[in-house]
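Visitor: start-v6.txt is reproduced in full below (compact mmCIF, C-alpha atoms).
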```txt
# COMPACT_ATOMS: atom_id res chain seq x y z
CA MET E 1 31.56 -23.37 -1.39
CA LEU E 2 32.24 -21.51 -4.65
CA HIS E 3 30.38 -18.23 -5.10
CA THR E 4 29.93 -16.91 -8.64
CA VAL E 5 29.12 -13.28 -9.48
CA ASN E 6 28.09 -12.51 -13.06
CA LYS E 7 26.73 -8.97 -12.77
CA SER E 8 28.56 -5.64 -12.93
CA PRO E 9 29.08 -4.17 -9.44
CA PHE E 10 27.97 -0.80 -10.81
CA GLU E 11 24.58 -2.00 -12.02
CA ARG E 12 23.48 -4.61 -9.46
CA ASN E 13 24.07 -5.48 -5.83
CA SER E 14 25.08 -9.08 -6.63
CA LEU E 15 28.70 -8.49 -5.63
CA ASP E 16 27.78 -6.67 -2.41
CA SER E 17 25.43 -9.45 -1.38
CA CYS E 18 28.00 -12.08 -2.24
CA LEU E 19 30.67 -10.35 -0.14
CA ARG E 20 28.20 -9.94 2.74
CA LEU E 21 27.04 -13.56 2.71
CA ALA E 22 30.03 -15.61 1.54
CA LYS E 23 31.75 -17.22 4.49
CA LYS E 24 35.32 -16.13 5.06
CA GLY E 25 37.70 -18.48 3.29
CA SER E 26 35.28 -19.52 0.56
CA ALA E 27 36.08 -19.14 -3.14
CA ILE E 28 34.63 -16.35 -5.30
CA LEU E 29 34.66 -16.36 -9.10
CA LEU E 30 33.95 -13.18 -11.07
CA MET E 31 32.54 -13.93 -14.52
CA GLU E 32 30.61 -12.29 -17.37
CA ASP E 33 29.91 -8.65 -16.33
CA GLY E 34 31.17 -9.54 -12.85
CA VAL E 35 34.74 -9.23 -14.16
CA TYR E 36 34.49 -5.42 -14.03
CA ALA E 37 34.95 -5.77 -10.26
CA ALA E 38 38.38 -7.37 -10.68
CA VAL E 39 40.36 -4.33 -11.79
CA THR E 40 41.94 -1.38 -9.99
CA GLY E 41 40.82 2.23 -10.18
CA THR E 42 37.08 1.75 -9.72
CA THR E 43 34.64 2.44 -6.87
CA ALA E 44 34.47 -1.33 -6.35
CA THR E 45 38.24 -1.77 -6.01
CA ASP E 46 38.52 -1.27 -2.24
CA LYS E 47 35.90 -3.82 -1.24
CA MET E 48 37.20 -6.31 -3.80
CA ALA E 49 40.80 -5.86 -2.58
CA SER E 50 39.75 -6.49 0.98
CA ALA E 51 37.70 -9.55 -0.09
CA ALA E 52 40.77 -10.92 -1.85
CA LYS E 53 42.56 -10.95 1.52
CA GLY E 54 39.97 -13.16 3.25
CA ASN E 55 38.79 -15.28 0.33
CA SER E 56 40.27 -16.95 -2.75
CA VAL E 57 39.10 -14.68 -5.57
CA TYR E 58 39.22 -15.74 -9.22
CA VAL E 59 38.27 -14.04 -12.47
CA LEU E 60 37.35 -15.74 -15.73
CA GLY E 61 40.03 -14.77 -18.31
CA PRO E 62 37.94 -15.10 -21.50
CA ASP E 63 35.31 -12.73 -20.05
CA MET E 64 38.05 -10.19 -19.18
CA SER E 65 39.58 -10.33 -22.65
CA ALA E 66 36.18 -9.94 -24.30
CA ARG E 67 35.70 -6.70 -22.35
CA GLY E 68 39.17 -5.32 -23.03
CA LEU E 69 40.41 -5.76 -19.47
CA ALA E 70 44.09 -6.59 -19.13
CA GLU E 71 45.77 -8.73 -16.48
CA ASP E 72 48.08 -5.87 -15.43
CA GLN E 73 44.97 -3.99 -14.23
CA LEU E 74 44.01 -6.78 -11.83
CA ILE E 75 43.67 -6.19 -8.10
CA ASP E 76 46.45 -7.91 -6.14
CA GLY E 77 45.55 -11.42 -5.07
CA ILE E 78 42.95 -12.10 -7.77
CA LYS E 79 43.85 -15.07 -9.94
CA VAL E 80 42.86 -15.54 -13.58
CA VAL E 81 41.33 -18.88 -14.61
CA ASP E 82 40.33 -20.21 -18.03
CA TYR E 83 37.32 -22.46 -18.69
CA GLU E 84 39.22 -25.54 -17.50
CA GLY E 85 40.12 -23.69 -14.32
CA PHE E 86 36.44 -22.84 -13.89
CA VAL E 87 35.57 -26.55 -14.11
CA ASP E 88 38.29 -27.36 -11.56
CA LEU E 89 36.89 -24.76 -9.17
CA VAL E 90 33.42 -26.27 -9.42
CA ALA E 91 34.81 -29.77 -8.92
CA ASP E 92 37.07 -28.83 -6.01
CA ASN E 93 34.47 -26.89 -4.05
CA ASP E 94 31.52 -28.30 -2.18
CA GLY E 95 28.68 -26.65 -4.09
CA VAL E 96 28.17 -23.43 -6.02
CA THR E 97 26.19 -20.38 -4.91
CA PRO E 98 25.24 -18.21 -7.89
CA TRP E 99 24.71 -14.47 -7.27
CA LEU E 100 22.57 -13.57 -10.26
CA MET U 1 -16.18 -21.12 -27.37
CA ALA U 2 -18.01 -24.25 -26.30
CA ALA U 3 -20.00 -24.21 -23.07
CA TYR U 4 -21.73 -26.46 -20.55
CA ASN U 5 -25.38 -25.67 -20.06
CA VAL U 6 -26.20 -25.66 -16.37
CA ASN U 7 -29.78 -24.86 -15.34
CA GLY U 8 -30.16 -22.60 -18.35
CA ASN U 9 -26.80 -20.83 -17.95
CA ASP U 10 -23.84 -21.26 -20.29
CA ILE U 11 -20.49 -21.90 -18.61
CA GLU U 12 -17.64 -21.71 -21.10
CA HIS U 13 -14.98 -24.41 -21.33
CA ASP U 14 -11.85 -24.95 -23.39
CA GLU U 15 -11.38 -27.61 -26.06
CA GLU U 16 -10.57 -30.21 -23.40
CA GLY U 17 -13.56 -29.45 -21.20
CA TYR U 18 -11.88 -27.37 -18.46
CA ILE U 19 -14.02 -24.36 -17.53
CA THR U 20 -12.36 -21.02 -18.20
CA ASP U 21 -13.61 -19.11 -15.14
CA VAL U 22 -13.06 -20.91 -11.83
CA SER U 23 -15.63 -18.74 -10.07
CA GLN U 24 -18.50 -20.06 -12.22
CA TRP U 25 -18.28 -23.58 -10.76
CA ASN U 26 -21.14 -25.16 -8.87
CA MET U 27 -22.09 -28.69 -7.87
CA ASP U 28 -24.61 -29.08 -10.71
CA LEU U 29 -21.84 -28.24 -13.15
CA ALA U 30 -19.52 -30.75 -11.47
CA GLN U 31 -22.18 -33.43 -11.91
CA ILE U 32 -22.54 -32.58 -15.62
CA ILE U 33 -18.76 -32.79 -16.16
CA ALA U 34 -18.61 -36.03 -14.17
CA ASP U 35 -21.40 -37.52 -16.30
CA ALA U 36 -19.53 -36.55 -19.46
CA GLU U 37 -16.43 -38.23 -18.05
CA GLY U 38 -18.42 -41.37 -17.20
CA LEU U 39 -17.81 -40.97 -13.46
CA ASP U 40 -20.23 -42.24 -10.85
CA MET U 41 -19.74 -39.64 -8.13
CA THR U 42 -19.41 -41.15 -4.63
CA ASP U 43 -18.67 -39.41 -1.32
CA GLU U 44 -14.99 -40.07 -1.94
CA HIS U 45 -15.17 -38.42 -5.37
CA TRP U 46 -16.81 -35.38 -3.82
CA ALA U 47 -14.22 -35.30 -1.05
CA VAL U 48 -11.45 -35.12 -3.64
CA VAL U 49 -13.28 -32.40 -5.58
CA ASN U 50 -13.94 -30.38 -2.44
CA PHE U 51 -10.35 -30.70 -1.28
CA LEU U 52 -9.08 -29.52 -4.67
CA ARG U 53 -11.39 -26.51 -4.57
CA GLU U 54 -10.47 -25.54 -1.01
CA TYR U 55 -6.77 -25.91 -1.73
CA TYR U 56 -7.05 -23.88 -4.92
CA ASN U 57 -8.98 -21.14 -3.16
CA GLU U 58 -6.30 -20.86 -0.53
CA TYR U 59 -3.12 -21.25 -2.60
CA GLN U 60 -4.21 -20.38 -6.17
CA ILE U 61 -2.75 -23.56 -7.66
CA ALA U 62 -3.73 -27.21 -7.67
CA PRO U 63 -2.08 -29.42 -5.04
CA ALA U 64 0.64 -31.94 -5.74
CA VAL U 65 -0.76 -35.45 -5.96
CA ARG U 66 1.07 -36.48 -2.78
CA VAL U 67 -0.70 -33.70 -0.86
CA LEU U 68 -4.04 -34.89 -2.19
CA VAL U 69 -3.24 -38.50 -1.23
CA LYS U 70 -2.37 -37.41 2.28
CA ALA U 71 -5.59 -35.43 2.68
CA ILE U 72 -7.74 -38.36 1.52
CA LYS U 73 -5.82 -40.68 3.84
CA LYS U 74 -6.60 -38.37 6.74
CA GLN U 75 -10.31 -38.31 5.92
CA PHE U 76 -10.99 -41.91 4.81
CA GLY U 77 -8.21 -43.98 6.36
CA PRO U 78 -4.94 -45.50 5.18
CA GLU U 79 -6.49 -48.07 2.80
CA LYS U 80 -7.76 -45.19 0.66
CA GLY U 81 -4.71 -43.01 1.06
CA SER U 82 -2.87 -44.09 -2.05
CA ASN U 83 -2.22 -42.99 -5.58
CA LYS U 84 -3.76 -46.26 -6.78
CA TYR U 85 -7.01 -45.51 -5.00
CA LEU U 86 -7.17 -42.05 -6.54
CA TYR U 87 -6.79 -43.66 -9.97
CA GLU U 88 -9.67 -45.99 -9.15
CA LEU U 89 -11.81 -42.94 -8.46
CA PHE U 90 -10.53 -40.98 -11.44
CA PRO U 91 -9.21 -43.41 -14.07
CA TYR U 92 -7.80 -40.64 -16.26
CA GLY U 93 -5.69 -39.35 -13.42
CA PRO U 94 -6.56 -37.61 -10.15
CA ALA U 95 -4.82 -34.46 -11.32
CA LYS U 96 -6.32 -34.00 -14.78
CA GLN U 97 -9.75 -35.58 -14.39
CA ALA U 98 -10.54 -34.50 -10.82
CA CYS U 99 -9.37 -30.94 -11.56
CA LYS U 100 -11.74 -30.84 -14.52
CA VAL U 101 -14.70 -31.84 -12.34
CA ALA U 102 -13.59 -29.37 -9.66
CA GLY U 103 -13.47 -26.54 -12.21
CA LEU U 104 -9.74 -25.92 -11.81
CA PRO U 105 -7.43 -25.10 -14.72
CA LYS U 106 -5.72 -28.02 -16.38
CA PRO U 107 -2.62 -28.86 -14.33
CA THR U 108 0.62 -28.07 -16.11
CA GLY U 109 3.02 -30.13 -14.03
CA CYS U 110 3.28 -33.78 -13.14
CA VAL U 111 3.89 -33.70 -9.38
CA MET O 1 13.74 -43.68 -26.93
CA THR O 2 16.00 -43.94 -23.92
CA GLU O 3 14.24 -44.18 -20.62
CA VAL O 4 15.71 -41.86 -18.04
CA VAL O 5 15.60 -43.26 -14.52
CA PHE O 6 16.26 -41.02 -11.55
CA GLU O 7 17.63 -42.87 -8.54
CA ILE O 8 16.17 -40.85 -5.69
CA GLU O 9 15.39 -43.57 -3.18
CA GLY O 10 17.17 -42.67 0.05
CA VAL O 11 18.83 -39.57 -1.39
CA LYS O 12 18.56 -36.67 1.04
CA LYS O 13 20.14 -33.29 0.36
CA VAL O 14 19.94 -29.84 1.84
CA ILE O 15 18.87 -27.52 -0.95
CA THR O 16 18.92 -23.76 -0.42
CA PHE O 17 16.74 -21.52 -2.55
CA LEU O 18 18.23 -18.04 -2.64
CA ASN O 19 15.51 -15.56 -3.61
CA ARG O 20 17.00 -12.15 -4.41
CA LYS O 21 14.56 -10.61 -6.88
CA ALA O 22 11.30 -8.75 -6.37
CA PRO O 23 8.16 -10.43 -7.77
CA TYR O 24 6.44 -9.52 -11.09
CA GLY O 25 9.28 -7.40 -12.60
CA THR O 26 11.12 -10.53 -13.69
CA ILE O 27 10.29 -14.23 -13.85
CA TYR O 28 12.96 -15.24 -11.27
CA ALA O 29 10.69 -15.30 -8.20
CA LEU O 30 8.02 -17.48 -9.80
CA GLU O 31 10.58 -19.90 -11.26
CA VAL O 32 12.25 -20.37 -7.87
CA LEU O 33 8.87 -20.83 -6.18
CA GLU O 34 7.99 -23.61 -8.63
CA SER O 35 11.34 -25.28 -7.95
CA VAL O 36 10.66 -25.20 -4.20
CA LEU O 37 7.30 -26.90 -4.68
CA ILE O 38 8.92 -29.65 -6.74
CA THR O 39 11.49 -30.17 -3.99
CA ALA O 40 8.63 -30.93 -1.59
CA ALA O 41 7.51 -33.77 -3.87
CA PHE O 42 10.89 -35.45 -3.36
CA GLU O 43 10.89 -34.79 0.40
CA GLN O 44 14.27 -33.07 0.40
CA HIS O 45 15.53 -30.76 3.13
CA ALA O 46 15.27 -27.12 2.08
CA ASN O 47 16.13 -23.62 3.17
CA ILE O 48 13.91 -21.07 1.47
CA VAL O 49 15.84 -17.85 1.82
CA PHE O 50 14.77 -14.28 1.03
CA VAL O 51 17.58 -11.74 0.59
CA ASP O 52 17.85 -8.30 -1.07
CA ASP O 53 14.70 -7.48 -3.08
CA GLY O 54 13.67 -11.11 -2.64
CA VAL O 55 12.10 -10.10 0.67
CA TYR O 56 9.42 -8.24 -1.32
CA GLN O 57 8.17 -11.59 -2.66
CA ILE O 58 6.41 -12.39 0.60
CA LYS O 59 5.26 -8.89 1.55
CA LYS O 60 1.58 -8.80 2.54
CA GLY O 61 -1.10 -6.97 0.61
CA GLN O 62 -0.11 -7.69 -2.99
CA ASP O 63 -2.89 -7.00 -5.51
CA THR O 64 -2.06 -7.71 -9.15
CA ALA O 65 -5.58 -7.33 -10.55
CA ALA O 66 -4.79 -4.19 -12.55
CA LEU O 67 -1.67 -5.84 -14.01
CA GLU O 68 -3.76 -8.76 -15.24
CA MET O 69 -1.12 -11.05 -13.79
CA LYS O 70 -1.70 -13.86 -11.35
CA ASN O 71 -1.03 -12.88 -7.74
CA PHE O 72 1.14 -15.71 -6.49
CA LEU O 73 1.54 -14.45 -2.93
CA PRO O 74 -1.06 -17.03 -1.72
CA THR O 75 1.04 -19.79 -3.29
CA TYR O 76 3.87 -19.04 -0.83
CA GLY O 77 1.45 -20.33 1.80
CA ILE O 78 2.20 -23.82 0.45
CA ILE O 79 5.80 -23.46 1.65
CA GLU O 80 4.55 -22.71 5.15
CA MET O 81 2.00 -25.53 4.98
CA GLU O 82 4.60 -28.06 3.75
CA LYS O 83 7.02 -27.02 6.48
CA GLU O 84 4.40 -27.36 9.23
CA ASP O 85 3.24 -30.68 7.79
CA ALA O 86 6.79 -32.03 7.77
CA ASP O 87 7.44 -30.75 11.30
CA GLU O 88 4.32 -32.49 12.63
CA ASP O 89 4.61 -35.77 10.71
CA GLU O 90 7.06 -38.06 12.51
CA ASP O 91 7.29 -40.37 9.50
CA MET O 92 8.62 -37.57 7.34
CA ASP O 93 12.33 -36.82 7.22
CA MET O 94 12.06 -33.36 5.72
CA ASN O 95 13.41 -30.31 7.48
CA TRP O 96 12.46 -26.95 6.00
CA ARG O 97 13.48 -23.48 7.13
CA ILE O 98 12.00 -20.23 5.84
CA ILE O 99 14.61 -17.52 6.33
CA VAL O 100 14.77 -13.76 5.82
CA GLU O 101 18.05 -11.88 6.11
CA LYS O 102 17.74 -9.19 8.78
CA GLU O 103 19.91 -6.65 6.94
CA SER O 104 17.86 -6.90 3.72
CA MET O 105 14.60 -6.65 5.64
CA GLU O 106 15.64 -3.62 7.66
CA ALA O 107 17.16 -1.84 4.66
CA ARG O 108 13.69 -1.91 3.10
CA GLY O 109 11.90 -0.67 6.19
CA LEU O 110 10.20 -4.02 6.81
CA THR O 111 9.66 -6.16 9.89
CA ALA O 112 8.70 -9.83 10.22
CA ASP O 113 5.06 -8.71 10.66
CA ASP O 114 5.03 -7.44 7.08
CA PHE O 115 5.36 -10.95 5.68
CA LYS O 116 2.53 -13.25 4.60
CA ILE O 117 4.26 -16.31 6.08
CA ASP O 118 6.15 -17.03 9.30
CA VAL O 119 9.88 -16.58 8.85
CA GLU O 120 13.11 -16.96 10.79
CA VAL O 121 15.05 -13.71 10.73
CA LEU O 122 18.81 -14.36 10.59
CA SER O 123 21.80 -12.03 10.51
CA SER O 124 24.16 -12.04 7.54
CA ALA O 125 26.70 -14.06 9.51
CA GLU O 126 24.12 -16.68 10.47
CA LEU O 127 22.86 -16.88 6.90
CA ALA O 128 26.42 -17.24 5.58
CA GLU O 129 26.70 -20.39 7.68
CA VAL O 130 23.42 -21.75 6.23
CA LEU O 131 24.70 -21.21 2.68
CA GLU O 132 28.06 -22.79 3.47
CA THR O 133 26.46 -25.96 4.83
CA SER O 134 24.01 -26.46 1.92
CA ASP O 135 24.50 -29.31 -0.54
CA ALA O 136 23.18 -27.18 -3.38
CA VAL O 137 22.15 -23.55 -3.79
CA ILE O 138 19.58 -22.52 -6.39
CA GLY O 139 19.92 -18.80 -7.12
CA GLY O 140 17.25 -16.47 -8.39
```
Could you write out this file's structure as structure tokens?
Guide:
Amino acid sequence: MLHTVNKSPFERNSLDSCLRLAKKGSAILLMEDGVYAAVTGTTATDKMASAAKGNSVYVLGPDMSARGLAEDQLIDGIKVVDYEGFVDLVADNDGVTPWL
Amino acid sequence: MAAYNVNGNDIEHDEEGYITDVSQWNMDLAQIIADAEGLDMTDEHWAVVNFLREYYNEYQIAPAVRVLVKAIKKQFGPEKGSNKYLYELFPYGPAKQACKVAGLPKPTGCV
Amino acid sequence: MTEVVFEIEGVKKVITFLNRKAPYGTIYALEVLESVLITAAFEQHANIVFVDDGVYQIKKGQDTAALEMKNFLPTYGIIEMEKEDADEDEDMDMNWRIIVEKESMEARGLTADDFKIDVEVLSSAELAEVLETSDAVIGG
């Protein structure tokens, strides 16, 4: 299962609910405003870093760039994907759970 | 707005003949709408109309056609529990035509 | 015009509807509810799940009269009716579950008695398993 989070962790509880309800080992993709959870130095960093240890966490590169986030700010273990990588994730996983 | 005249009272309807206030329905009105639709109301017609009204009162929307078929099957037996039979009763469609007679809003969906 | 034909004969999936938004403030709840009702028409398996503010969708005692909006709480009764109908009808291969996440419910000071329809209350861990084993998840 691929879980997608597209809301900022500071505005909505989408990320918290995703982390609570995604089975260990499943894939998580941060996209749109969800990408703000992918960088260090925020109040969301700790929970995201610990999620990256039990799950495969990805972030959509074009959405990071659009928001001025750089790859050297990324939390360890989070991998950047482009749109093709996004398609691969959807194809490789058995279903998508959107956290809107 | 156009209206049906039922025993001296006006009951408003839209341009397609659906009444605008569900609560104003009564059996005399249903008969007037049925006449306008060219329907000869049998017990089975009334059973469909009554089921639609009861369902709408409980759930606030019209039932899916398959739910209606099942209910009629339960009441009148398997030979009448079909979509085809409902179309024999209401040639312009059990959803649209029967809902009109039952005083329900025009259904928006197709299931 | 091209005719679109859906091949649904024999297709059976487990579809999970993940309700996470309160009713009335946004259109999410109503849109998901309509999707659930359509799923019944195709006799698919379904988990109707209420998480986060989604649990407010089925809270008893809603009165929208002053808002001049339709109160669609009664319409959730169809989900319960369809589930019971499928459970009783041996000819029907349609398994529905109506699920509320315990943590979301308790965080909002609610119990199962506060809901208009009968629900299964599952822990986060149990619900995670339900999501993982679904063929498709519709979020809202």
Visitor: For Glu16 of chain U, please output as a list of chain:residue names all residues within 10 Å (counting only C-alpha atoms; exclusion window: fewer than 2 positions along the same chain).
Guide: U:Ala2, U:His13, U:Asp14, U:Tyr18, U:Ile19, U:Lys100, U:Lys106
Visitor: Generate the output file for the selected residues, C-alpha atoms, as a CSV table (one decimal), in the frame of the given file.
Guide:
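The new file out.csv reads:
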```
chain,number,residue,atom,x,y,z
U,2,ALA,CA,-18.0,-24.2,-26.3
U,13,HIS,CA,-15.0,-24.4,-21.3
U,14,ASP,CA,-11.8,-25.0,-23.4
U,18,TYR,CA,-11.9,-27.4,-18.5
U,19,ILE,CA,-14.0,-24.4,-17.5
U,100,LYS,CA,-11.7,-30.8,-14.5
U,106,LYS,CA,-5.7,-28.0,-16.4
```
Visitor: Hey, what's within 6 Å of segment 33-46 of chain E if we count all atoms listed in the file and toss same-chain stuff fewer than 3 positions away? As a PyMOL selection string, please?
Guide: chain E and resi 5-8+30+49+73-75
Visitor: Write to file, as a PDB file, in the frame of the given file, the residues of the selection just made, with C-alpha atoms.
Guide:
```pdb
ATOM      1  CA  VAL E   5      29.120 -13.280  -9.480  1.00  0.00           C
ATOM      2  CA  ASN E   6      28.090 -12.510 -13.060  1.00  0.00           C
ATOM      3  CA  LYS E   7      26.730  -8.970 -12.770  1.00  0.00           C
ATOM      4  CA  SER E   8      28.560  -5.640 -12.930  1.00  0.00           C
ATOM      5  CA  LEU E  30      33.950 -13.180 -11.070  1.00  0.00           C
ATOM      6  CA  ALA E  49      40.800  -5.860  -2.580  1.00  0.00           C
ATOM      7  CA  GLN E  73      44.970  -3.990 -14.230  1.00  0.00           C
ATOM      8  CA  LEU E  74      44.010  -6.780 -11.830  1.00  0.00           C
ATOM      9  CA  ILE E  75      43.670  -6.190  -8.100  1.00  0.00           C
TER      10      ILE E  75
END
```
Visitor: Select residues of chain E: the criterion is any atom within 8 Å of an atom of chain O, counting only C-alpha atoms; output as a ChimeraX atom specification.
Guide: /E:1,17,20-23,94-100
Visitor: Quote the spacing between atom CA of Asp114 of chain O and atom CA of Gly25 of chain O in Å to one decimal place.
Guide: 20.1 Å
Visitor: Determine the nearest neighbour of chain U from the options O:His45, O:Lys59, O:Lys70, O:Lys13, counting all atoms listed in the file.
Guide: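 Of O:His45, O:Lys59, O:Lys70, O:Lys13, the one nearest chain U is O:Lys70, counting all atoms listed in the file.
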Visitor: Find the residues near Gly77 of chain E: any atom within 9 Å, counting only C-alpha atoms, skip ones fewer than 5 places away on the same chain, and give them as number ranges by chain.
Guide: E: 49, 52-53, 56-58
Visitor: List as number ranges by chain the protein and nucleic acid residues near Lys83 of chain O, meaning an atom at most 12 Å away when only C-alpha atoms are counted, but skip any in the same chain fewer than 4 places from it.
Guide: O: 36-37, 39-40, 43-48, 76-79, 87-89, 92-98, 117-119
Visitor: Identify, on the basis of only C-alpha atoms, every residue whose closest approach to Met27 of chain U does not exceed 12 Å; exclude the query and any residue fewer than 4 positions from it along the same chain; express the result as a short mmCIF file (atom, residue, chain, number, x, y, z; two decimals) with C-alpha atoms, keeping the file's coordinate frame.
Guide:
```cif
data_model
loop_
_atom_site.label_atom_id
_atom_site.label_comp_id
_atom_site.auth_asym_id
_atom_site.auth_seq_id
_atom_site.Cartn_x
_atom_site.Cartn_y
_atom_site.Cartn_z
CA VAL U 6 -26.20 -25.66 -16.37
CA ASN U 7 -29.78 -24.86 -15.34
CA GLN U 31 -22.18 -33.43 -11.91
CA ILE U 32 -22.54 -32.58 -15.62
CA ILE U 33 -18.76 -32.79 -16.16
CA ALA U 34 -18.61 -36.03 -14.17
CA MET U 41 -19.74 -39.64 -8.13
CA TRP U 46 -16.81 -35.38 -3.82
CA VAL U 49 -13.28 -32.40 -5.58
CA ASN U 50 -13.94 -30.38 -2.44
CA ARG U 53 -11.39 -26.51 -4.57
CA VAL U 101 -14.70 -31.84 -12.34
CA ALA U 102 -13.59 -29.37 -9.66
CA GLY U 103 -13.47 -26.54 -12.21
#
```
Visitor: Return as a PDB file with C-alpha atoms, keeping the file's coordinate frame the residues belonging to chain U that are within 8 Å of chain O, counting all atoms listed in the file.
Guide:
```
ATOM      1  CA  GLU U  58      -6.300 -20.860  -0.530  1.00  0.00           C
ATOM      2  CA  TYR U  59      -3.120 -21.250  -2.600  1.00  0.00           C
ATOM      3  CA  GLN U  60      -4.210 -20.380  -6.170  1.00  0.00           C
ATOM      4  CA  ILE U  61      -2.750 -23.560  -7.660  1.00  0.00           C
ATOM      5  CA  ALA U  64       0.640 -31.940  -5.740  1.00  0.00           C
ATOM      6  CA  ARG U  66       1.070 -36.480  -2.780  1.00  0.00           C
ATOM      7  CA  VAL U 111       3.890 -33.700  -9.380  1.00  0.00           C
TER       8      VAL U 111
END
```
Visitor: Can you measure atom CA of Asp82 of chain E to atom CA of Ala70 of chain E for me? One decimal in Å is fine.
Guide: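 Atom CA of Ala70 of chain E lies at a distance of 14.2 Å from atom CA of Asp82 of chain E.
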